[in-house]
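Asks: This is start_23.txt (compact mmCIF, C-alpha atoms).
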```txt
# COMPACT_ATOMS: atom_id res chain seq x y z
CA MET A 1 -4.73 -22.35 -14.13
CA ALA A 2 -2.21 -23.01 -16.86
CA SER A 3 -1.25 -26.18 -15.01
CA ALA A 4 -4.77 -27.24 -14.15
CA THR A 5 -4.10 -30.84 -15.14
CA ALA A 6 -1.72 -31.13 -12.19
CA VAL A 7 -4.32 -30.24 -9.58
CA ARG A 8 -7.62 -31.69 -8.46
CA SER A 9 -11.01 -30.05 -8.27
CA SER A 10 -11.59 -28.46 -4.89
CA ALA A 11 -14.58 -29.70 -2.93
CA ASN A 12 -13.46 -27.87 0.21
CA LEU A 13 -13.79 -24.27 -0.94
CA ILE A 14 -17.35 -23.13 -0.21
CA ILE A 15 -18.71 -19.71 -1.08
CA PRO A 16 -21.79 -18.71 1.00
CA SER A 17 -25.01 -19.10 -0.95
CA THR A 18 -25.75 -15.35 -0.75
CA PHE A 19 -22.71 -14.67 -2.96
CA LYS A 20 -21.61 -17.09 -5.65
CA LEU A 21 -17.94 -17.19 -6.58
CA ALA A 22 -18.33 -15.04 -9.69
CA ASP A 23 -20.38 -12.52 -7.67
CA ARG A 24 -17.68 -12.25 -5.01
CA ILE A 25 -14.99 -11.74 -7.63
CA GLY A 26 -17.21 -9.21 -9.44
CA ILE A 27 -17.66 -7.20 -6.25
CA GLN A 28 -13.90 -7.12 -5.70
CA GLN A 29 -13.22 -6.10 -9.30
CA GLU A 30 -15.73 -3.26 -8.98
CA CYS A 31 -14.05 -2.06 -5.77
CA ILE A 32 -10.71 -2.04 -7.59
CA ARG A 33 -12.09 -0.22 -10.65
CA ASN A 34 -13.67 2.46 -8.47
CA LYS A 35 -10.64 2.61 -6.15
CA ASN A 36 -13.01 1.91 -3.30
CA TYR A 37 -10.29 0.59 -1.02
CA ILE A 38 -7.62 1.54 1.49
CA ILE A 39 -4.05 0.42 0.83
CA ALA A 40 -2.74 -1.60 3.78
CA GLY A 41 0.80 -2.30 2.57
CA ARG A 42 2.84 -4.68 0.48
CA LEU A 43 2.31 -8.42 0.87
CA THR A 44 5.69 -10.02 1.51
CA ALA A 45 4.74 -13.60 2.46
CA LEU A 46 1.73 -15.85 2.74
CA VAL A 47 1.50 -18.94 4.96
CA PHE A 48 -1.09 -21.66 4.42
CA GLU A 49 -1.86 -25.15 5.70
CA LYS A 50 -1.19 -28.19 3.55
CA GLN A 51 -0.70 -31.92 3.91
CA ARG A 52 3.01 -32.65 3.71
CA SER A 53 5.13 -35.73 4.30
CA ILE A 54 6.93 -35.60 7.65
CA SER A 55 8.94 -38.77 7.11
CA GLY A 56 12.25 -38.38 8.95
CA PHE A 57 11.12 -35.07 10.47
CA SER A 58 11.73 -36.09 14.09
CA GLN A 59 15.27 -37.26 13.28
CA SER A 60 16.18 -34.06 11.49
CA ARG A 61 18.62 -31.84 13.38
CA PRO A 62 19.17 -28.05 13.43
CA ARG A 63 21.73 -26.81 10.93
CA TRP A 64 24.04 -24.74 13.12
CA ASN A 65 26.27 -22.18 11.44
CA ASN A 66 29.08 -22.72 13.94
CA SER A 67 29.87 -24.30 17.29
CA TYR A 68 29.43 -21.02 19.16
CA GLN A 69 25.85 -20.72 17.92
CA SER A 70 25.03 -24.30 18.90
CA LYS A 71 26.32 -23.74 22.44
CA ALA A 72 24.75 -20.31 22.93
CA LEU A 73 21.29 -21.40 21.76
CA LYS A 74 21.36 -25.01 22.96
CA ASP A 75 18.71 -24.44 25.65
CA GLN A 76 16.56 -22.09 23.57
CA PRO A 77 14.67 -24.36 21.14
CA GLY A 78 12.60 -21.49 19.80
CA LEU A 79 15.77 -19.92 18.39
CA HIS A 80 17.23 -23.05 16.81
CA PRO A 81 17.86 -22.78 13.06
CA PHE A 82 15.69 -24.89 10.78
CA SER A 83 16.72 -28.43 10.01
CA GLU A 84 16.66 -29.44 6.36
CA SER A 85 13.25 -31.10 6.80
CA GLN A 86 11.83 -27.99 8.45
CA ALA A 87 13.23 -25.71 5.74
CA VAL A 88 11.77 -27.85 2.95
CA LEU A 89 8.42 -28.06 4.74
CA TRP A 90 8.32 -24.29 5.26
CA ALA A 91 9.11 -23.60 1.61
CA GLY A 92 6.17 -25.84 0.64
CA ILE A 93 3.57 -23.96 2.70
CA THR A 94 4.57 -20.40 1.86
CA LEU A 95 4.60 -17.96 -1.02
CA ASP A 96 7.44 -15.53 -0.42
CA TRP A 97 8.31 -12.31 -2.22
CA LEU A 98 11.45 -12.00 0.00
CA THR A 99 11.42 -8.18 0.12
CA ASN A 100 8.90 -5.41 -0.38
CA ASP A 101 10.67 -4.10 -3.49
CA ASP A 102 8.33 -5.74 -6.00
CA SER A 103 5.81 -7.44 -3.76
CA PRO A 104 2.02 -7.19 -4.31
CA VAL A 105 0.09 -4.19 -3.02
CA LEU A 106 -2.53 -5.38 -0.51
CA ALA A 107 -5.65 -3.33 0.16
CA VAL A 108 -8.82 -3.58 2.22
CA SER A 109 -12.22 -2.60 0.81
CA ARG A 110 -13.73 0.45 2.49
CA ASP A 111 -16.48 -1.69 4.00
CA HIS A 112 -13.76 -3.97 5.44
CA GLN A 113 -15.35 -7.04 3.86
CA ASP A 114 -12.63 -7.94 1.36
CA LEU A 115 -8.87 -8.15 1.03
CA LEU A 116 -7.90 -6.90 -2.42
CA LEU A 117 -4.93 -7.15 -4.76
CA PRO A 118 -5.59 -4.08 -6.93
CA PHE A 119 -2.48 -4.48 -9.11
CA GLY A 120 -2.29 -8.27 -9.22
CA LEU A 121 0.67 -10.36 -8.07
CA PRO A 122 4.16 -9.99 -9.56
CA ALA A 123 5.98 -13.17 -10.49
CA LEU A 124 7.32 -15.04 -7.46
CA PRO A 125 11.09 -14.58 -7.13
CA LYS A 126 13.51 -17.45 -6.85
CA ILE A 127 14.27 -18.48 -3.26
CA PRO A 128 17.34 -20.05 -1.64
CA ASP A 129 17.32 -23.84 -2.01
CA PRO A 130 16.11 -25.06 1.42
CA ARG A 131 18.31 -28.18 1.17
CA TRP A 132 21.55 -26.20 0.91
CA VAL A 133 24.04 -26.12 3.79
CA PRO A 134 26.78 -23.42 3.86
CA ALA A 135 30.42 -24.41 4.10
CA HIS A 136 31.33 -21.12 5.78
CA ALA A 137 29.85 -17.71 6.64
CA GLN A 138 29.78 -15.13 3.85
CA HIS A 139 31.44 -12.46 6.03
CA SER A 140 34.44 -14.76 6.43
CA CYS A 141 34.52 -16.08 2.86
CA PRO A 142 38.07 -17.33 2.12
CA LYS A 143 37.85 -15.79 -1.34
CA SER A 144 37.42 -12.37 0.28
CA THR A 145 34.77 -11.24 -2.17
CA LYS A 146 31.76 -9.06 -1.37
CA THR A 147 29.48 -11.36 -3.31
CA GLY A 148 30.74 -14.55 -1.64
CA CYS A 149 31.17 -17.91 -3.34
CA LYS A 150 29.21 -21.12 -3.80
CA GLY A 151 30.31 -22.20 -0.33
CA CYS A 152 28.46 -19.33 1.36
CA VAL A 153 25.85 -18.09 -1.13
CA PRO A 154 22.88 -20.45 -1.53
CA PRO A 155 21.76 -21.51 -5.00
CA ARG A 156 18.31 -20.29 -5.98
CA MET A 157 15.28 -22.28 -7.07
CA PRO A 158 11.95 -21.13 -8.53
CA GLN A 159 8.78 -21.03 -6.46
CA LEU A 160 6.56 -23.18 -8.64
CA LEU A 161 2.84 -23.38 -7.96
CA VAL A 162 2.80 -26.94 -9.25
CA GLY A 163 5.48 -29.47 -10.15
CA CYS A 164 8.28 -28.41 -7.81
CA PRO A 165 10.66 -31.40 -7.48
CA VAL A 166 11.75 -30.27 -3.98
CA VAL A 167 8.58 -29.25 -2.12
CA GLY A 168 5.87 -30.66 -4.39
CA ASP A 169 2.74 -28.78 -5.47
CA ARG A 170 1.97 -25.58 -3.60
CA VAL A 171 -1.39 -25.50 -5.37
CA SER A 172 -3.22 -28.82 -5.28
CA ASP A 173 -6.84 -27.71 -5.80
CA LYS A 174 -8.72 -25.85 -8.48
CA ILE A 175 -12.13 -24.30 -8.88
CA THR A 176 -14.05 -23.05 -11.92
CA ASP A 177 -16.47 -20.14 -11.78
CA ARG A 178 -19.68 -19.97 -13.79
CA THR A 179 -17.92 -18.07 -16.59
CA GLY A 180 -15.65 -21.06 -17.12
CA ARG A 181 -12.48 -19.46 -15.75
CA THR A 182 -10.35 -21.87 -13.70
CA TYR A 183 -8.43 -20.77 -10.62
CA GLY A 184 -5.82 -22.51 -8.51
CA VAL A 185 -6.77 -22.52 -4.83
CA ILE A 186 -4.44 -21.91 -1.90
CA HIS A 187 -6.20 -22.65 1.38
CA PRO A 188 -6.61 -22.35 4.23
CA ILE A 189 -4.54 -19.20 4.62
CA MET A 190 -3.20 -18.89 8.14
CA GLU A 191 -1.19 -15.68 7.98
CA ILE A 192 -0.32 -12.85 5.61
CA ALA A 193 2.85 -10.87 6.30
CA LEU A 194 3.05 -7.34 4.96
CA MET A 195 5.08 -4.16 4.99
CA VAL A 196 2.59 -1.63 6.34
CA MET A 197 2.03 1.51 4.27
CA GLY A 198 0.03 4.46 5.55
CA ALA A 199 0.12 8.00 6.80
CA GLY A 200 2.68 8.09 9.58
CA THR A 201 2.80 4.29 9.74
CA GLN A 202 5.69 2.08 8.73
CA GLY A 203 6.91 -1.35 9.71
CA PHE A 204 5.83 -4.96 9.45
CA GLY A 205 2.38 -6.27 10.18
CA LYS A 206 0.34 -9.42 9.78
CA ILE A 207 -3.17 -10.51 8.97
CA ARG A 208 -4.60 -13.72 10.39
CA GLY A 209 -6.86 -15.95 8.34
CA ARG A 210 -9.89 -17.21 10.26
CA THR A 211 -12.73 -19.65 9.74
CA ASN A 212 -16.13 -18.03 9.30
CA PRO A 213 -18.26 -19.68 12.01
CA THR A 214 -21.50 -18.95 10.16
CA ASP A 215 -20.69 -21.03 7.08
CA GLY A 216 -17.50 -22.96 7.90
CA THR A 217 -15.47 -21.41 5.07
CA THR A 218 -11.78 -20.63 5.43
CA LEU A 219 -9.80 -17.73 3.99
CA SER A 220 -8.55 -18.80 0.57
CA LEU A 221 -6.65 -17.27 -2.33
CA LEU A 222 -7.75 -17.90 -5.91
CA LEU A 223 -4.97 -17.54 -8.47
CA ASP A 224 -5.32 -16.96 -12.19
CA ASP A 225 -1.86 -17.58 -13.67
CA SER A 226 -2.79 -17.15 -17.32
CA ASN A 227 -0.21 -14.33 -17.21
CA PRO A 228 2.52 -15.66 -14.85
CA GLU A 229 4.35 -12.31 -14.84
CA ARG A 230 1.30 -10.59 -13.33
CA MET A 231 -1.11 -13.08 -11.83
CA GLN A 232 -4.58 -12.09 -10.71
CA GLY A 233 -5.58 -13.08 -7.19
CA TYR A 234 -8.78 -12.94 -5.14
CA PHE A 235 -9.22 -13.60 -1.43
CA VAL A 236 -12.52 -15.36 -0.78
CA GLY A 237 -14.26 -17.20 2.05
CA GLY A 238 -13.50 -17.18 5.74
CA ARG A 239 -12.62 -14.09 7.70
CA PHE A 240 -9.50 -12.07 8.30
CA GLN A 241 -8.18 -10.26 11.34
CA LEU A 242 -5.97 -7.23 10.82
CA GLY A 243 -2.94 -7.20 13.07
CA GLY A 244 -4.08 -10.40 14.80
```
Please lay out the structure from this file as structure tokens.
Replies:
Amino acid sequence: MASATAVRSSANLIIPSTFKLADRIGIQQECIRNKNYIIAGRLTALVFEKQRSISGFSQSRPRWNNSYQSKALKDQPGLHPFSESQAVLWAGITLDWLTNDDSPVLAVSRDHQDLLLPFGLPALPKIPDPRWVPAHAQHSCPKSTKTGCKGCVPPRMPQLLVGCPVVGDRVSDKITDRTGRTYGVIHPIMEIALMVMGAGTQGFGKIRGRTNPTDGTTLSLLLDDSNPERMQGYFVGGRFQLGG
């Protein structure tokens, strides 16, 4: 990665001995060249596990938009809005393309052994600052503007792979293949959200990342950000469950 000095070498990512890392990537690249895949949809978000500080987490309170909302949802904890701590934590364990307008195309190899990103990954868009609290709802903005004001429209912040002053490093591991190319590692991947694309099929779907019981590997994403506007990504290790 371009910021490889900010991450540590990964000892946790294991590729089964039958396929070395470069072999696995080579197989995926060949599938993409030969168009030997089925397009599943557009990847809109990716959720992964990561060690994060939870200091003050239990004292953090939901950020209600108004008193009516707090009363109506008081006894429904699953519908409570995120507290600041929860919002910051969530932003640190996700990659989010926000909409499907310019999100990565996700495909599955025809033998169903690999998830593929045949056109790479577009640059991550800026996201609303998770620390921000609105002063009023945009639909009732006192300035009566369609675009709202700084009291109801959240400021945006970049989704940095490393060095984010708010959520810390999203990528904290790296791995180098036998050709000498270094990749940032995001793992383990728990869930991939996508806008489904297919004949007669539309809507949202998800893919679950699983541990491979035969070798103990977890689903991981390798990122080559030498071109940050169009990163290359490879899913390796573990297993995946479509629609799980």
Asks: Taking into account all atoms listed in the file, which residue in the set A:Val166, A:Ile38, A:Leu98, A:Ala107 is nearest to Leu124 in chain A?
Replies: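 Using all atoms listed in the file, the shortest distance to Leu124 in chain A belongs to A:Leu98.
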Asks: To one decimal place, how far is CA of Asp101 in chain A from CA of Glu191 in chain A in Å?
Replies: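 One can read the CA of Asp101 in chain A to CA of Glu191 in chain A distance as 20.2 Å.
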Asks: To one decimal place in Å, what is the distance between CA of Leu79 in chain A and CA of Arg131 in chain A?
Replies: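 Result for CA of Leu79 in chain A versus CA of Arg131 in chain A: 19.3 Å, one decimal.
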Asks: Rank A:Thr218, A:Ser70, A:Ser55, A:Gln113 by their smallest atom-to-atom distance to Leu242 in chain A, using only C-alpha atoms, and report the top residue only.
Replies: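 Closest to Leu242 in chain A of all the choices is A:Gln113.
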Asks: Where's the centre, and what are the edge lengths in Å to one decimal, of a box along x, y and z enclosing all listed atoms of range 192-195 of chain A padded 6 Å per side, as AutoDock Vina command-line options?
Replies:
```
--center_x 2.4 --center_y -8.5 --center_z 5.6 --size_x 17.4 --size_y 20.7 --size_z 13.3
```
Asks: Leaving out Met231 in chain A and any residue of its chain fewer than 2 positions from it, which residues lie within 8 Å of it when counting all atoms listed in the file, given as a PyMOL selection string?
Replies: chain A and resi 120-123+223-229+233
Asks: Which residues are near Gly26 in chain A? Cut-off 12 Å, all atoms listed in the file, ignore same chain within fewer than 6 positions. Put them as a CSV table (one decimal) with C-alpha atoms, in the coordinates of the input.
Replies:
```csv
chain,number,residue,atom,x,y,z
A,19,PHE,CA,-22.7,-14.7,-3.0
A,20,LYS,CA,-21.6,-17.1,-5.6
A,32,ILE,CA,-10.7,-2.0,-7.6
A,33,ARG,CA,-12.1,-0.2,-10.6
A,114,ASP,CA,-12.6,-7.9,1.4
A,116,LEU,CA,-7.9,-6.9,-2.4
A,177,ASP,CA,-16.5,-20.1,-11.8
A,178,ARG,CA,-19.7,-20.0,-13.8
A,179,THR,CA,-17.9,-18.1,-16.6
A,234,TYR,CA,-8.8,-12.9,-5.1
A,236,VAL,CA,-12.5,-15.4,-0.8
```
Asks: Every residue with an atom at most 12 Å from (14.7, -31.2, 14.8) (file coordinates; only C-alpha atoms) is what I'm after, so could you write them as an MDAnalysis selection string?
Replies: chainID A and resid 54 56:64 77:87
Asks: Distance CA of Lys146 in chain A-CA of Pro134 in chain A, one decimal place?
Replies: 16.1 Å
Asks: Nearest to Ser220 in chain A among A:Pro154, A:Phe48, A:Gln138, A:Thr147, with distances taken over all atoms listed in the file: which residue is it?
Replies: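 Among the listed residues, the smallest separation from Ser220 in chain A belongs to A:Phe48.
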Asks: Name the residues in contact with Arg210 in chain A at a cut-off of 9 Å, using all atoms listed in the file, excluding same-chain residues fewer than 3 positions from it; report them as a PyMOL selection string.
Replies: chain A and resi 188-190+213+217-219+238-241
Asks: For a quick check of understanding, using only C-alpha atoms, which of A:Ser109, A:Asn100, A:Gln69, A:Gln76 has the smallest distance to Asn34 in chain A?
Replies: A:Ser109
Asks: May I have the protein, DNA and RNA residues with any atom at most 8 Å from the point (-2.2, -6.1, 4.9), counting all atoms listed in the file, written as a PyMOL selection string?
Replies: chain A and resi 39-43+106-108+115+192-196+205-207+242
Asks: So, counting all atoms listed in the file, which residue among A:Ala137, A:Val47, A:Val171, A:Cys149 is closest to Ala91 in chain A?
Replies: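 The closest residue to Ala91 in chain A is A:Val47.
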Asks: Which residue out of A:Arg170, A:Cys152, A:Gln159, A:Arg110 has the minimum interatomic distance to Ser140 in chain A when all atoms listed in the file are used?
Replies: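 Selected residue with least distance to Ser140 in chain A: A:Cys152.
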Asks: Because the input lacks atoms here, generate all heavy atoms for range 65-76 of chain A and report them as an mmCIF file, keeping the file's coordinate frame.
Replies:
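Here's the written file rebuild30.cif:
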```cif
data_model
loop_
_atom_site.group_PDB
_atom_site.id
_atom_site.type_symbol
_atom_site.label_atom_id
_atom_site.label_comp_id
_atom_site.auth_asym_id
_atom_site.auth_seq_id
_atom_site.Cartn_x
_atom_site.Cartn_y
_atom_site.Cartn_z
ATOM 1 N N ASN A 65 25.253 -22.840 12.260
ATOM 2 C CA ASN A 65 26.270 -22.180 11.440
ATOM 3 C C ASN A 65 27.676 -22.389 11.994
ATOM 4 O O ASN A 65 28.657 -22.399 11.248
ATOM 5 C CB ASN A 65 25.980 -20.685 11.332
ATOM 6 C CG ASN A 65 24.770 -20.398 10.467
ATOM 7 O OD1 ASN A 65 24.477 -21.150 9.546
ATOM 8 N ND2 ASN A 65 24.055 -19.322 10.770
ATOM 9 N N ASN A 66 27.771 -22.522 13.309
ATOM 10 C CA ASN A 66 29.080 -22.720 13.940
ATOM 11 C C ASN A 66 28.875 -23.283 15.333
ATOM 12 O O ASN A 66 27.756 -23.340 15.847
ATOM 13 C CB ASN A 66 29.883 -21.406 13.985
ATOM 14 C CG ASN A 66 29.074 -20.261 14.589
ATOM 15 O OD1 ASN A 66 28.629 -20.345 15.727
ATOM 16 N ND2 ASN A 66 28.873 -19.203 13.806
ATOM 17 N N SER A 67 29.962 -23.686 15.970
ATOM 18 C CA SER A 67 29.870 -24.300 17.290
ATOM 19 C C SER A 67 29.434 -23.302 18.358
ATOM 20 O O SER A 67 28.751 -23.665 19.320
ATOM 21 C CB SER A 67 31.228 -24.906 17.673
ATOM 22 O OG SER A 67 32.245 -23.917 17.658
ATOM 23 N N TYR A 68 29.830 -22.042 18.188
ATOM 24 C CA TYR A 68 29.430 -21.020 19.160
ATOM 25 C C TYR A 68 27.905 -20.885 19.189
ATOM 26 O O TYR A 68 27.289 -20.811 20.252
ATOM 27 C CB TYR A 68 30.067 -19.676 18.837
ATOM 28 C CG TYR A 68 29.564 -18.553 19.715
ATOM 29 C CD1 TYR A 68 30.042 -18.390 21.017
ATOM 30 C CD2 TYR A 68 28.593 -17.672 19.251
ATOM 31 C CE1 TYR A 68 29.565 -17.371 21.835
ATOM 32 C CE2 TYR A 68 28.101 -16.659 20.055
ATOM 33 C CZ TYR A 68 28.591 -16.521 21.351
ATOM 34 O OH TYR A 68 28.099 -15.527 22.151
ATOM 35 N N GLN A 69 27.301 -20.840 17.999
ATOM 36 C CA GLN A 69 25.850 -20.720 17.920
ATOM 37 C C GLN A 69 25.164 -21.911 18.577
ATOM 38 O O GLN A 69 24.181 -21.752 19.314
ATOM 39 C CB GLN A 69 25.413 -20.609 16.456
ATOM 40 C CG GLN A 69 23.912 -20.395 16.284
ATOM 41 C CD GLN A 69 23.471 -20.512 14.834
ATOM 42 O OE1 GLN A 69 23.801 -21.490 14.168
ATOM 43 N NE2 GLN A 69 22.731 -19.519 14.347
ATOM 44 N N SER A 70 25.650 -23.102 18.338
ATOM 45 C CA SER A 70 25.030 -24.300 18.900
ATOM 46 C C SER A 70 25.089 -24.304 20.426
ATOM 47 O O SER A 70 24.162 -24.745 21.101
ATOM 48 C CB SER A 70 25.681 -25.562 18.343
ATOM 49 O OG SER A 70 27.033 -25.649 18.740
ATOM 50 N N LYS A 71 26.195 -23.782 20.999
ATOM 51 C CA LYS A 71 26.320 -23.740 22.440
ATOM 52 C C LYS A 71 25.466 -22.630 23.043
ATOM 53 O O LYS A 71 24.801 -22.810 24.068
ATOM 54 C CB LYS A 71 27.788 -23.526 22.830
ATOM 55 C CG LYS A 71 28.690 -24.712 22.507
ATOM 56 C CD LYS A 71 30.143 -24.407 22.848
ATOM 57 C CE LYS A 71 31.050 -25.591 22.504
ATOM 58 N NZ LYS A 71 32.486 -25.275 22.789
ATOM 59 N N ALA A 72 25.469 -21.461 22.403
ATOM 60 C CA ALA A 72 24.750 -20.310 22.930
ATOM 61 C C ALA A 72 23.239 -20.517 22.919
ATOM 62 O O ALA A 72 22.521 -20.034 23.801
ATOM 63 C CB ALA A 72 25.122 -19.055 22.147
ATOM 64 N N LEU A 73 22.743 -21.241 21.917
ATOM 65 C CA LEU A 73 21.290 -21.400 21.760
ATOM 66 C C LEU A 73 20.817 -22.815 22.109
ATOM 67 O O LEU A 73 19.657 -23.153 21.876
ATOM 68 C CB LEU A 73 20.888 -21.081 20.321
ATOM 69 C CG LEU A 73 21.237 -19.676 19.824
ATOM 70 C CD1 LEU A 73 20.801 -19.510 18.376
ATOM 71 C CD2 LEU A 73 20.600 -18.595 20.697
ATOM 72 N N LYS A 74 21.682 -23.611 22.670
ATOM 73 C CA LYS A 74 21.360 -25.010 22.960
ATOM 74 C C LYS A 74 20.078 -25.156 23.753
ATOM 75 O O LYS A 74 19.240 -26.032 23.462
ATOM 76 C CB LYS A 74 22.522 -25.659 23.707
ATOM 77 C CG LYS A 74 22.267 -27.114 24.094
ATOM 78 C CD LYS A 74 23.453 -27.686 24.855
ATOM 79 C CE LYS A 74 23.163 -29.125 25.290
ATOM 80 N NZ LYS A 74 24.310 -29.698 26.054
ATOM 81 N N ASP A 75 19.878 -24.317 24.765
ATOM 82 C CA ASP A 75 18.710 -24.440 25.650
ATOM 83 C C ASP A 75 17.590 -23.479 25.266
ATOM 84 O O ASP A 75 16.706 -23.196 26.081
ATOM 85 C CB ASP A 75 19.150 -24.186 27.097
ATOM 86 C CG ASP A 75 20.171 -25.211 27.579
ATOM 87 O OD1 ASP A 75 20.034 -26.385 27.207
ATOM 88 O OD2 ASP A 75 21.103 -24.806 28.306
ATOM 89 N N GLN A 76 17.612 -22.995 24.042
ATOM 90 C CA GLN A 76 16.560 -22.090 23.570
ATOM 91 C C GLN A 76 15.980 -22.640 22.262
ATOM 92 O O GLN A 76 16.285 -22.142 21.185
ATOM 93 C CB GLN A 76 17.113 -20.680 23.361
ATOM 94 C CG GLN A 76 17.731 -20.075 24.606
ATOM 95 C CD GLN A 76 18.221 -18.658 24.384
ATOM 96 O OE1 GLN A 76 17.442 -17.759 24.042
ATOM 97 N NE2 GLN A 76 19.513 -18.443 24.547
#
```
